[in-house]
file protein_13.txt (compact mmCIF, C-alpha atoms (C1' of nucleotides))
# COMPACT_ATOMS: atom_id res chain seq x y z
CA MET S 1 7.86 -1.05 7.66
CA ALA S 2 4.12 -1.57 7.65
CA LEU S 3 3.28 -3.79 4.69
CA GLU S 4 3.39 -6.77 7.02
CA HIS S 5 1.01 -5.04 9.37
CA ALA S 6 -1.35 -3.99 6.60
CA ILE S 7 -1.46 -7.64 5.52
CA LEU S 8 -2.11 -8.77 9.09
CA VAL S 9 -5.04 -6.36 9.39
CA SER S 10 -6.45 -7.49 6.08
CA LEU S 11 -6.11 -11.17 6.99
CA LEU S 12 -7.75 -10.54 10.35
CA GLU S 13 -10.66 -8.88 8.60
CA LYS S 14 -10.86 -11.94 6.33
CA PRO S 15 -8.39 -14.76 5.58
CA GLY S 16 -7.32 -15.10 1.95
CA SER S 17 -4.65 -16.01 -0.58
CA GLY S 18 -1.83 -13.87 -1.91
CA TYR S 19 -3.80 -13.25 -5.05
CA GLU S 20 -6.87 -12.17 -3.11
CA LEU S 21 -4.72 -9.85 -1.02
CA SER S 22 -3.27 -8.29 -4.14
CA ARG S 23 -6.84 -7.64 -5.30
CA ARG S 24 -7.72 -6.04 -1.99
CA PHE S 25 -4.65 -3.85 -2.36
CA GLU S 26 -6.18 -2.59 -5.58
CA ARG S 27 -9.36 -1.58 -3.80
CA SER S 28 -10.18 -1.04 -0.11
CA ILE S 29 -6.77 -1.43 1.50
CA GLY S 30 -5.17 0.06 -1.59
CA TYR S 31 -6.83 3.39 -0.84
CA PHE S 32 -4.17 4.00 1.81
CA TRP S 33 -1.49 1.40 1.13
CA THR S 34 -0.28 0.14 -2.23
CA ALA S 35 1.57 -3.09 -2.92
CA THR S 36 2.17 -5.29 -5.93
CA HIS S 37 1.65 -9.03 -5.93
CA GLN S 38 5.43 -9.49 -5.91
CA GLN S 39 5.82 -7.70 -2.62
CA ILE S 40 2.85 -9.51 -1.17
CA TYR S 41 4.05 -13.01 -2.07
CA ARG S 42 7.53 -12.26 -0.76
CA VAL S 43 6.28 -10.85 2.53
CA LEU S 44 3.75 -13.68 2.95
CA LYS S 45 6.58 -16.19 2.59
CA ARG S 46 8.62 -14.44 5.25
CA MET S 47 5.65 -14.09 7.58
CA GLU S 48 4.84 -17.77 7.20
CA HIS S 49 8.48 -18.63 7.90
CA ASP S 50 8.34 -16.49 11.04
CA GLY S 51 5.17 -18.21 12.21
CA TRP S 52 3.02 -15.08 11.99
CA ILE S 53 0.50 -16.70 9.66
CA ASP S 54 -0.82 -20.19 8.91
CA VAL S 55 -1.30 -21.64 5.43
CA ARG S 56 -4.00 -23.97 4.20
CA ASP S 57 -4.06 -25.49 0.71
CA VAL S 58 -7.49 -24.95 -0.81
CA PRO S 59 -8.31 -26.95 -3.95
CA GLN S 60 -10.73 -25.12 -6.22
CA GLN S 61 -12.76 -26.22 -9.18
CA GLY S 62 -12.59 -24.28 -12.40
CA ARG S 63 -9.47 -22.44 -11.28
CA PRO S 64 -6.01 -23.16 -9.87
CA ASP S 65 -5.60 -24.17 -6.25
CA LYS S 66 -4.78 -21.45 -3.78
CA LYS S 67 -3.02 -21.10 -0.46
CA GLU S 68 -5.26 -19.47 2.09
CA TYR S 69 -3.45 -17.56 4.82
CA SER S 70 -4.78 -16.73 8.25
CA VAL S 71 -3.23 -14.92 11.20
CA ALA S 72 -1.55 -17.04 13.88
CA ALA S 73 -1.06 -16.02 17.51
CA PRO S 74 2.50 -14.64 17.02
CA GLY S 75 1.27 -12.51 14.13
CA ARG S 76 -1.50 -11.10 16.25
CA ALA S 77 1.02 -10.33 18.96
CA ALA S 78 3.32 -8.63 16.46
CA LEU S 79 0.46 -6.50 15.20
CA SER S 80 -0.54 -5.56 18.73
CA GLU S 81 3.04 -4.56 19.51
CA TRP S 82 3.21 -2.37 16.40
CA LEU S 83 -0.13 -0.77 17.25
CA HIS S 84 1.29 0.30 20.59
CA GLU S 85 4.44 1.93 19.29
CA PRO S 86 4.33 5.37 17.66
CA VAL S 87 4.79 5.89 13.93
CA GLU S 88 6.24 9.06 12.52
CA PRO S 89 4.15 11.30 10.27
CA GLU S 90 4.26 9.87 6.79
CA SER S 91 6.79 11.12 4.24
CA VAL S 92 5.20 12.83 1.28
CA ARG S 93 5.87 12.44 -2.43
CA HIS S 94 3.88 14.67 -4.73
CA ASP S 95 5.18 14.56 -8.30
CA LEU S 96 2.54 17.03 -9.34
CA ALA S 97 3.71 19.66 -6.86
CA VAL S 98 7.24 19.31 -8.22
CA LYS S 99 5.86 19.80 -11.71
CA ILE S 100 3.91 22.87 -10.71
CA ARG S 101 6.97 24.54 -9.29
CA GLY S 102 8.89 23.40 -12.36
CA ALA S 103 6.34 25.12 -14.60
CA ALA S 104 8.04 28.43 -13.79
CA PHE S 105 10.86 27.26 -16.06
CA ASP S 106 8.80 25.84 -18.91
CA ASP S 107 5.75 26.39 -21.05
CA PRO S 108 2.77 25.70 -18.75
CA THR S 109 0.40 24.49 -21.49
CA ALA S 110 1.34 20.85 -21.04
CA LEU S 111 1.01 21.23 -17.29
CA ILE S 112 -2.56 22.50 -17.64
CA ARG S 113 -3.51 19.31 -19.48
CA GLU S 114 -1.73 17.24 -16.86
CA VAL S 115 -3.52 18.96 -13.98
CA GLU S 116 -6.87 18.49 -15.72
CA ARG S 117 -6.07 14.81 -16.14
CA HIS S 118 -5.29 14.46 -12.43
CA ARG S 119 -8.44 16.35 -11.53
CA GLN S 120 -10.44 13.85 -13.56
CA ALA S 121 -8.70 10.90 -11.89
CA HIS S 122 -9.46 12.28 -8.44
CA ALA S 123 -13.07 13.00 -9.37
CA ASP S 124 -13.40 9.39 -10.56
CA ARG S 125 -11.92 8.08 -7.34
CA LEU S 126 -14.23 10.27 -5.28
CA ALA S 127 -17.24 8.93 -7.16
CA HIS S 128 -15.98 5.41 -6.55
CA TYR S 129 -15.59 6.05 -2.81
CA LEU S 130 -19.07 7.54 -2.58
CA VAL S 131 -20.59 4.50 -4.27
CA GLY S 132 -18.74 2.25 -1.82
CA GLU S 133 -19.87 4.33 1.13
CA GLN S 134 -23.48 4.19 -0.03
CA ARG S 135 -23.21 0.43 -0.53
CA ASP S 136 -21.39 -0.58 2.63
CA PHE S 137 -22.15 1.99 5.28
CA THR S 138 -25.73 3.06 4.82
CA ASP S 139 -28.15 1.49 7.21
CA PRO S 140 -31.26 1.06 5.06
CA GLY S 141 -33.89 -0.15 7.49
CA GLY S 142 -32.52 1.06 10.80
CA ASP S 143 -31.71 -2.51 11.88
CA ALA S 144 -28.32 -4.19 12.19
CA PRO S 145 -26.14 -1.36 13.52
CA LEU S 146 -22.55 -1.31 12.32
CA ASP S 147 -19.96 -3.09 14.44
CA ALA S 148 -16.69 -1.52 15.55
CA GLY S 149 -14.71 -2.88 12.62
CA GLN S 150 -17.17 -1.41 10.14
CA GLU S 151 -17.21 1.93 11.96
CA LEU S 152 -13.43 2.07 11.71
CA GLN S 153 -13.45 1.13 8.03
CA HIS S 154 -16.02 3.87 7.51
CA VAL S 155 -13.98 6.56 9.21
CA VAL S 156 -10.96 5.61 7.10
CA LEU S 157 -13.11 5.83 3.99
CA ARG S 158 -14.39 9.24 5.10
CA GLY S 159 -10.73 10.28 5.24
CA GLY S 160 -10.30 9.19 1.64
CA ILE S 161 -13.40 11.11 0.61
CA ALA S 162 -12.22 14.26 2.40
CA TYR S 163 -8.82 13.89 0.77
CA GLU S 164 -10.27 13.63 -2.73
CA ARG S 165 -12.60 16.60 -2.20
CA MET S 166 -9.73 18.71 -0.87
CA THR S 167 -7.49 17.67 -3.76
CA ILE S 168 -10.11 18.50 -6.40
CA ALA S 169 -10.66 21.95 -4.89
CA TRP S 170 -6.91 22.52 -4.80
CA LEU S 171 -6.46 21.42 -8.41
CA ASP S 172 -9.15 23.95 -9.38
CA ASP S 173 -7.10 26.56 -7.56
CA VAL S 174 -4.00 25.42 -9.47
CA LEU S 175 -5.84 25.62 -12.80
CA ALA S 176 -7.13 29.11 -12.02
CA THR S 177 -3.60 30.20 -11.10
CA LEU S 178 -2.11 28.71 -14.28
CA HIS S 179 -4.75 30.38 -16.44
CA ARG S 180 -4.15 33.68 -14.71
CA LEU S 181 -0.41 33.42 -15.41
CA HIS S 182 -0.89 32.18 -18.97
CA PRO S 183 -4.12 33.59 -20.38
CA VAL S 184 -5.54 31.99 -23.51
CA PRO S 185 -7.90 33.98 -25.78
CA MET H 1 11.66 8.64 -10.20
CA ALA H 2 11.42 12.34 -9.48
CA LEU H 3 14.09 13.15 -6.91
CA GLU H 4 16.34 14.23 -9.74
CA HIS H 5 13.63 16.48 -11.04
CA ALA H 6 12.87 17.95 -7.63
CA ILE H 7 16.57 18.76 -7.30
CA LEU H 8 16.61 20.34 -10.76
CA VAL H 9 13.67 22.57 -9.86
CA SER H 10 15.27 23.56 -6.58
CA LEU H 11 18.61 24.34 -8.26
CA LEU H 12 16.84 26.38 -10.92
CA GLU H 13 15.11 28.37 -8.22
CA LYS H 14 18.53 28.89 -6.63
CA PRO H 15 21.89 27.10 -7.07
CA GLY H 16 23.34 25.51 -3.96
CA SER H 17 25.36 22.73 -2.38
CA GLY H 18 24.25 19.24 -1.39
CA TYR H 19 24.05 20.37 2.19
CA GLU H 20 21.92 23.37 1.32
CA LEU H 21 19.64 21.15 -0.75
CA SER H 22 19.22 18.77 2.17
CA ARG H 23 18.18 21.79 4.29
CA ARG H 24 15.65 22.84 1.67
CA PHE H 25 14.28 19.30 1.70
CA GLU H 26 13.59 19.82 5.39
CA ARG H 27 11.55 22.91 4.66
CA SER H 28 9.94 24.26 1.48
CA ILE H 29 10.60 21.43 -0.98
CA GLY H 30 10.28 18.95 1.85
CA TYR H 31 6.61 19.82 2.23
CA PHE H 32 5.91 17.67 -0.81
CA TRP H 33 9.08 15.65 -1.33
CA THR H 34 11.36 14.17 1.30
CA ALA H 35 14.96 13.12 0.88
CA THR H 36 17.92 12.53 3.16
CA HIS H 37 21.35 13.95 2.55
CA GLN H 38 22.56 10.50 1.53
CA GLN H 39 20.11 10.30 -1.35
CA ILE H 40 20.86 13.85 -2.37
CA TYR H 41 24.64 13.41 -2.48
CA ARG H 42 24.31 10.18 -4.43
CA VAL H 43 21.92 11.63 -6.98
CA LEU H 44 23.97 14.83 -7.32
CA LYS H 45 27.00 12.71 -8.16
CA ARG H 46 25.09 10.85 -10.83
CA MET H 47 23.58 14.02 -12.26
CA GLU H 48 27.00 15.63 -12.43
CA HIS H 49 28.37 12.53 -14.17
CA ASP H 50 25.53 12.72 -16.68
CA GLY H 51 26.24 16.40 -17.36
CA TRP H 52 22.90 17.60 -16.00
CA ILE H 53 24.50 19.96 -13.51
CA ASP H 54 27.74 21.94 -13.16
CA VAL H 55 29.87 22.09 -10.02
CA ARG H 56 31.85 24.99 -8.66
CA ASP H 57 34.14 24.77 -5.63
CA VAL H 58 33.33 27.58 -3.24
CA PRO H 59 35.85 28.23 -0.44
CA GLN H 60 34.21 29.64 2.66
CA GLN H 61 35.61 31.29 5.75
CA GLY H 62 34.62 30.00 9.13
CA ARG H 63 33.18 26.82 7.69
CA PRO H 64 34.19 23.96 5.36
CA ASP H 65 34.32 24.54 1.62
CA LYS H 66 31.28 23.55 -0.38
CA LYS H 67 30.46 22.45 -3.91
CA GLU H 68 27.85 24.66 -5.45
CA TYR H 69 25.75 22.99 -8.10
CA SER H 70 23.83 24.71 -10.88
CA VAL H 71 21.69 23.34 -13.70
CA ALA H 72 23.37 22.80 -17.07
CA ALA H 73 21.61 22.77 -20.44
CA PRO H 74 21.13 18.95 -20.57
CA GLY H 75 19.59 19.04 -17.10
CA ARG H 76 17.18 21.71 -18.16
CA ALA H 77 16.27 19.65 -21.23
CA ALA H 78 15.74 16.56 -19.05
CA LEU H 79 13.45 18.52 -16.74
CA SER H 80 11.49 19.90 -19.65
CA GLU H 81 11.08 16.41 -21.08
CA TRP H 82 9.82 15.10 -17.74
CA LEU H 83 7.41 18.02 -17.40
CA HIS H 84 5.85 17.06 -20.72
CA GLU H 85 5.27 13.40 -19.95
CA PRO H 86 2.40 12.33 -17.71
CA VAL H 87 2.95 11.05 -14.17
CA GLU H 88 0.60 8.57 -12.58
CA PRO H 89 -1.38 9.53 -9.49
CA GLU H 90 0.87 9.08 -6.50
CA SER H 91 0.88 5.86 -4.51
CA VAL H 92 -0.30 6.33 -0.96
CA ARG H 93 1.15 5.04 2.31
CA HIS H 94 -0.78 5.91 5.43
CA ASP H 95 0.46 4.01 8.47
CA LEU H 96 -2.16 5.70 10.60
CA ALA H 97 -5.03 4.40 8.45
CA VAL H 98 -3.64 0.88 8.80
CA LYS H 99 -3.52 1.36 12.56
CA ILE H 100 -7.08 2.65 12.68
CA ARG H 101 -8.41 -0.41 10.90
CA GLY H 102 -6.18 -2.54 13.10
CA ALA H 103 -7.76 -1.01 16.20
CA ALA H 104 -10.74 -3.29 15.66
CA PHE H 105 -8.51 -6.12 16.88
CA ASP H 106 -6.87 -4.37 19.80
CA ASP H 107 -7.48 -2.03 22.70
CA PRO H 108 -7.98 1.41 21.13
CA THR H 109 -6.65 3.42 24.08
CA ALA H 110 -3.11 3.57 22.73
CA LEU H 111 -4.47 4.52 19.31
CA ILE H 112 -6.30 7.51 20.79
CA ARG H 113 -3.03 8.85 22.15
CA GLU H 114 -1.36 8.21 18.82
CA VAL H 115 -4.07 10.04 16.88
CA GLU H 116 -3.87 12.99 19.27
CA ARG H 117 -0.11 13.09 18.74
CA HIS H 118 -0.57 13.16 14.96
CA ARG H 119 -3.23 15.85 15.27
CA GLN H 120 -0.79 18.00 17.20
CA ALA H 121 1.95 17.44 14.60
CA HIS H 122 -0.38 18.48 11.79
CA ALA H 123 -1.57 21.53 13.72
CA ASP H 124 2.06 22.55 14.23
CA ARG H 125 2.80 22.12 10.55
CA LEU H 126 -0.27 24.14 9.60
CA ALA H 127 0.83 26.97 11.88
CA HIS H 128 4.28 26.82 10.29
CA TYR H 129 2.81 27.01 6.79
CA LEU H 130 0.63 29.96 7.72
CA VAL H 131 3.59 31.87 9.11
CA GLY H 132 5.51 31.17 5.88
CA GLU H 133 2.56 32.28 3.77
CA GLN H 134 2.24 35.50 5.75
CA ARG H 135 5.97 36.13 5.43
CA ASP H 136 6.52 35.28 1.77
CA PHE H 137 3.27 35.86 -0.06
CA THR H 138 1.63 38.87 1.49
CA ASP H 139 2.01 42.06 -0.51
CA PRO H 140 2.38 44.67 2.20
CA GLY H 141 2.37 47.98 0.33
CA GLY H 142 0.72 47.03 -2.93
CA ASP H 143 4.00 47.36 -4.81
CA ALA H 144 6.19 44.63 -6.30
CA PRO H 145 3.60 42.12 -7.52
CA LEU H 146 4.56 38.47 -7.29
CA ASP H 147 6.23 36.89 -10.29
CA ALA H 148 5.16 33.61 -11.87
CA GLY H 149 7.58 31.51 -9.84
CA GLN H 150 6.29 32.96 -6.59
CA GLU H 151 2.68 32.52 -7.65
CA LEU H 152 3.39 28.85 -8.32
CA GLN H 153 5.19 28.39 -5.02
CA HIS H 154 2.20 30.01 -3.33
CA VAL H 155 -0.35 27.72 -4.93
CA VAL H 156 1.70 24.69 -3.87
CA LEU H 157 1.82 26.06 -0.33
CA ARG H 158 -1.94 26.62 -0.41
CA GLY H 159 -2.20 22.93 -1.25
CA GLY H 160 -0.17 22.08 1.84
CA ILE H 161 -2.38 24.31 3.97
CA ALA H 162 -5.55 22.73 2.59
CA TYR H 163 -4.08 19.28 3.21
CA GLU H 164 -3.27 20.02 6.85
CA ARG H 165 -6.69 21.56 7.52
CA MET H 166 -8.41 18.57 5.95
CA THR H 167 -6.24 16.15 7.92
CA ILE H 168 -6.89 17.90 11.24
CA ALA H 169 -10.65 17.81 10.62
CA TRP H 170 -10.44 14.13 9.72
CA LEU H 171 -8.40 13.28 12.81
CA ASP H 172 -11.10 14.98 14.89
CA ASP H 173 -13.61 12.73 13.16
CA VAL H 174 -11.41 9.72 13.98
CA LEU H 175 -11.15 10.75 17.63
CA ALA H 176 -14.92 11.21 17.90
CA THR H 177 -15.45 7.78 16.36
CA LEU H 178 -12.95 6.14 18.71
CA HIS H 179 -14.53 7.78 21.76
CA ARG H 180 -17.96 6.68 20.60
CA LEU H 181 -16.75 3.08 20.29
CA HIS H 182 -14.81 3.15 23.54
CA PRO H 183 -16.47 5.56 25.96
CA VAL H 184 -14.48 6.69 28.99
CA PRO H 185 -16.35 7.88 32.11
C1' DC Z 1 40.55 22.48 26.82
C1' DT Z 2 37.12 19.42 26.40
C1' DT Z 3 32.59 18.56 25.08
C1' DG Z 4 28.97 19.29 22.23
C1' DC Z 5 26.89 21.40 18.10
C1' DC Z 6 26.76 23.01 13.22
C1' DT Z 7 28.47 22.89 8.46
C1' DA Z 8 29.88 19.82 4.78
C1' DT Z 9 30.70 15.45 2.34
C1' DG Z 10 30.79 10.70 1.83
C1' DC Z 11 31.06 5.02 2.20
C1' DA Z 12 28.95 0.54 3.07
C1' DA Z 13 25.32 -2.47 4.00
C1' DC Z 14 20.83 -3.48 4.10
C1' DG Z 15 15.88 -3.44 3.29
C1' DA Z 16 11.98 -1.91 0.47
C1' DG Z 17 9.90 -1.41 -3.93
C1' DT Z 18 9.74 -1.99 -9.16
C1' DT Z 19 9.99 -4.31 -13.62
C1' DG Z 20 10.31 -7.99 -16.61
C1' DC Z 21 9.64 -12.51 -17.21
C1' DA Z 22 7.90 -17.46 -16.49
C1' DT Z 23 4.59 -21.06 -15.59
C1' DA Z 24 0.15 -23.32 -15.50
C1' DG Z 25 -4.92 -24.37 -15.46
C1' DC Z 26 -9.19 -23.18 -17.20
C1' DA Z 27 -12.88 -20.51 -19.86
C1' DA Z 28 -14.88 -17.95 -23.69
C1' DG Z 29 -15.01 -16.41 -28.22
C1' DA Z 30 -13.23 -15.71 -33.13
C1' DT F 1 -8.14 -24.46 -32.81
C1' DC F 2 -5.91 -20.59 -31.58
C1' DT F 3 -5.80 -16.53 -29.14
C1' DT F 4 -7.06 -13.81 -25.41
C1' DG F 5 -7.94 -13.19 -20.63
C1' DC F 6 -8.43 -14.35 -15.76
C1' DT F 7 -6.82 -16.86 -11.61
C1' DA F 8 -2.72 -18.12 -9.08
C1' DT F 9 2.20 -18.27 -7.81
C1' DG F 10 6.88 -17.24 -8.23
C1' DC F 11 12.22 -16.00 -9.71
C1' DA F 12 15.84 -12.67 -10.89
C1' DA F 13 17.71 -8.32 -11.45
C1' DC F 14 17.62 -3.86 -10.55
C1' DT F 15 16.76 0.73 -8.46
C1' DC F 16 15.33 3.44 -4.57
C1' DG F 17 15.46 4.60 0.21
C1' DT F 18 17.20 4.06 5.04
C1' DT F 19 20.52 3.50 8.75
C1' DG F 20 24.81 3.51 10.82
C1' DC F 21 29.09 5.15 10.63
C1' DA F 22 33.27 8.17 9.38
C1' DT F 23 35.79 12.39 8.57
C1' DA F 24 36.99 17.18 9.25
C1' DG F 25 36.99 22.16 10.32
C1' DG F 26 35.24 25.75 13.18
C1' DC F 27 32.38 27.83 17.02
C1' DA F 28 30.62 28.49 21.66
C1' DA F 29 29.88 27.23 26.43
C1' DG F 30 31.34 25.29 30.61

call {"tool": "encode", "arguments": {"input": "protein_13.txt", "output": "structure tokens"}}
result
Amino acid sequence: MALEHAILVSLLEKPGSGYELSRRFERSIGYFWTATHQQIYRVLKRMEHDGWIDVRDVPQQGRPDKKEYSVAAPGRAALSEWLHEPVEPESVRHDLAVKIRGAAFDDPTALIREVERHRQAHADRLAHYLVGEQRDFTDPGGDAPLDAGQELQHVVLRGGIAYERMTIAWLDDVLATLHRLHPVP
Amino acid sequence: MALEHAILVSLLEKPGSGYELSRRFERSIGYFWTATHQQIYRVLKRMEHDGWIDVRDVPQQGRPDKKEYSVAAPGRAALSEWLHEPVEPESVRHDLAVKIRGAAFDDPTALIREVERHRQAHADRLAHYLVGEQRDFTDPGGDAPLDAGQELQHVVLRGGIAYERMTIAWLDDVLATLHRLHPVP
DNA sequence: CTTGCCTATGCAACGAGTTGCATAGCAAGA
DNA sequence: TCTTGCTATGCAACTCGTTGCATAGGCAAG
């Protein structure tokens, strides 16, 4: 289980509330780990109970109060322990691949539309990543070199970019194969 | 939920028992969908109850009897229905990416070993895929062209190959970044 | 002949993840 | 003013996935 650890990393990068975490899980962290606000609130409660994180009530004006969490010493120790033990290669779940193999037993027209839709979604995500890379990891004037944390965030983002590019090329291959098997005039 | 549909596709490609399915989920299907035998037996029971699949007791010599499942008409209809409705882009879970960002708050030496271990695992899987591609999808004499089902299995396998190549290149990038941040003499 | 391994199926308990719903303050616009 | 939408937190019920264990027949090696 790594949701706890993903939260610890995110809180170390910057303390925040459950709501803010759920926003981060829709963008940067969410590129490689998804979680809903339900999961996050539940896990935060458990982590607070276990002493991994500290809470601080933050009154706000113009919006509801929030609880800001930050990592406590036991949480940092737990993260360090997890970082030192091996994780197995991730288990894969690709609905689309199941569908492609299923297309042998069905009319592939609907699948072509579906693959095109996915291709578009991945192209959008790639564009989004590239904007973020340009914004956060380009050194405009040559001053202020990136620190280690930023370098590591950048290499993870480069992984996302490589993944999207690979996926788009593969989906083009899939489309070409489907059209070859099911030519339209 | 798509385990049911992955099982339907696999049983359409070839009927088989729960045990045989669990073997397939360790190889071909398992490249893009993982499942343990527990899940498979449970889902098979439900699918049989719902009339999606038929069972046939097959006595065997030298080994325990098995129940061979095959897809019934309602199962085929359910698969077809699922193939025609859109699926959302898959949710991602990359422990290793969490660890890489976490390395900013810890000694990265252990992470380097971990990344090298993952690189080796992906290289092994790539080699395995390439052997399978050579074995199953190379037309040796020019006769017997591949049918649609094989073409689709091949394009899914090409996706796996592209994924492993991309991942290996990215892990090299990660290793270079880690060594740059933490030079060893 | 005992020990370990492979085929083959399954239960029970738990933990992780999803979905629907509820509440509550404040802001902006119809 | 009423609705819509955003911030902010949470409960309850359910499904999915994992882990540990159990059974049972046959095979091969020591």

call {"tool": "closest_residue", "arguments": {"input": "protein_13.txt", "among": "H:Val155, H:Val9, H:Ile29, H:Leu21", "to": "chain Z", "atoms": "only C-alpha atoms (C1' of nucleotides)"}}
result
H:Leu21

call {"tool": "atom_distance", "arguments": {"input": "protein_13.txt", "atom1": "CA of Glu68 (chain H)", "atom2": "CA of Ile53 (chain H)"}}
result
9.9 Å

call {"tool": "atom_distance", "arguments": {"input": "protein_13.txt", "atom1": "C1' of DA22 (chain F)", "atom2": "C1' of DT3 (chain Z)"}}
result
18.8 Å

call {"tool": "closest_atom_pairs", "arguments": {"input": "protein_13.txt", "of": "chain F", "to": "chain H", "cutoff": "8 Å", "atoms": "all atoms listed in the file", "output": "CSV"}}
result
residue,atom,partner,partner_atom,distance
F:DG17,C1',H:Gln39,CA,7.5
F:DG25,C1',H:Pro64,CA,6.0
F:DG26,C1',H:Gly62,CA,5.9

call {"tool": "residues_around", "arguments": {"input": "protein_13.txt", "residues": "DG10 (chain F)", "least_positions_apart": "6", "cutoff": "12 Å", "atoms": "all atoms listed in the file", "output": "list of chain:residue names"}}
result
S:Gly18, S:Tyr19, S:His37, S:Gln38, S:Gln39, S:Ile40, S:Tyr41, S:Arg42, S:Lys45, Z:DC21, Z:DA22, Z:DT23, Z:DA24

call {"tool": "atom_distance", "arguments": {"input": "protein_13.txt", "atom1": "CA of Leu126 (chain H)", "atom2": "CA of Glu164 (chain H)"}}
result
5.8 Å

call {"tool": "closest_atom_pairs", "arguments": {"input": "protein_13.txt", "of": "chain Z", "to": "chain H", "cutoff": "9 Å", "atoms": "all atoms listed in the file", "output": "JSON lines"}}
result
{"residue": "Z:DT7", "atom": "C1'", "partner": "H:Arg63", "partner_atom": "CA", "distance": 6.2}
{"residue": "Z:DA8", "atom": "C1'", "partner": "H:Pro64", "partner_atom": "CA", "distance": 6.0}
{"residue": "Z:DT9", "atom": "C1'", "partner": "H:Tyr41", "partner_atom": "CA", "distance": 8.0}
{"residue": "Z:DG10", "atom": "C1'", "partner": "H:Tyr41", "partner_atom": "CA", "distance": 8.0}

call {"tool": "residues_around", "arguments": {"input": "protein_13.txt", "residues": "DT19 (chain Z)", "least_positions_apart": "3", "cutoff": "10 Å", "atoms": "only C-alpha atoms (C1' of nucleotides)", "output": "ChimeraX atom specification"}}
result
/F:13-15
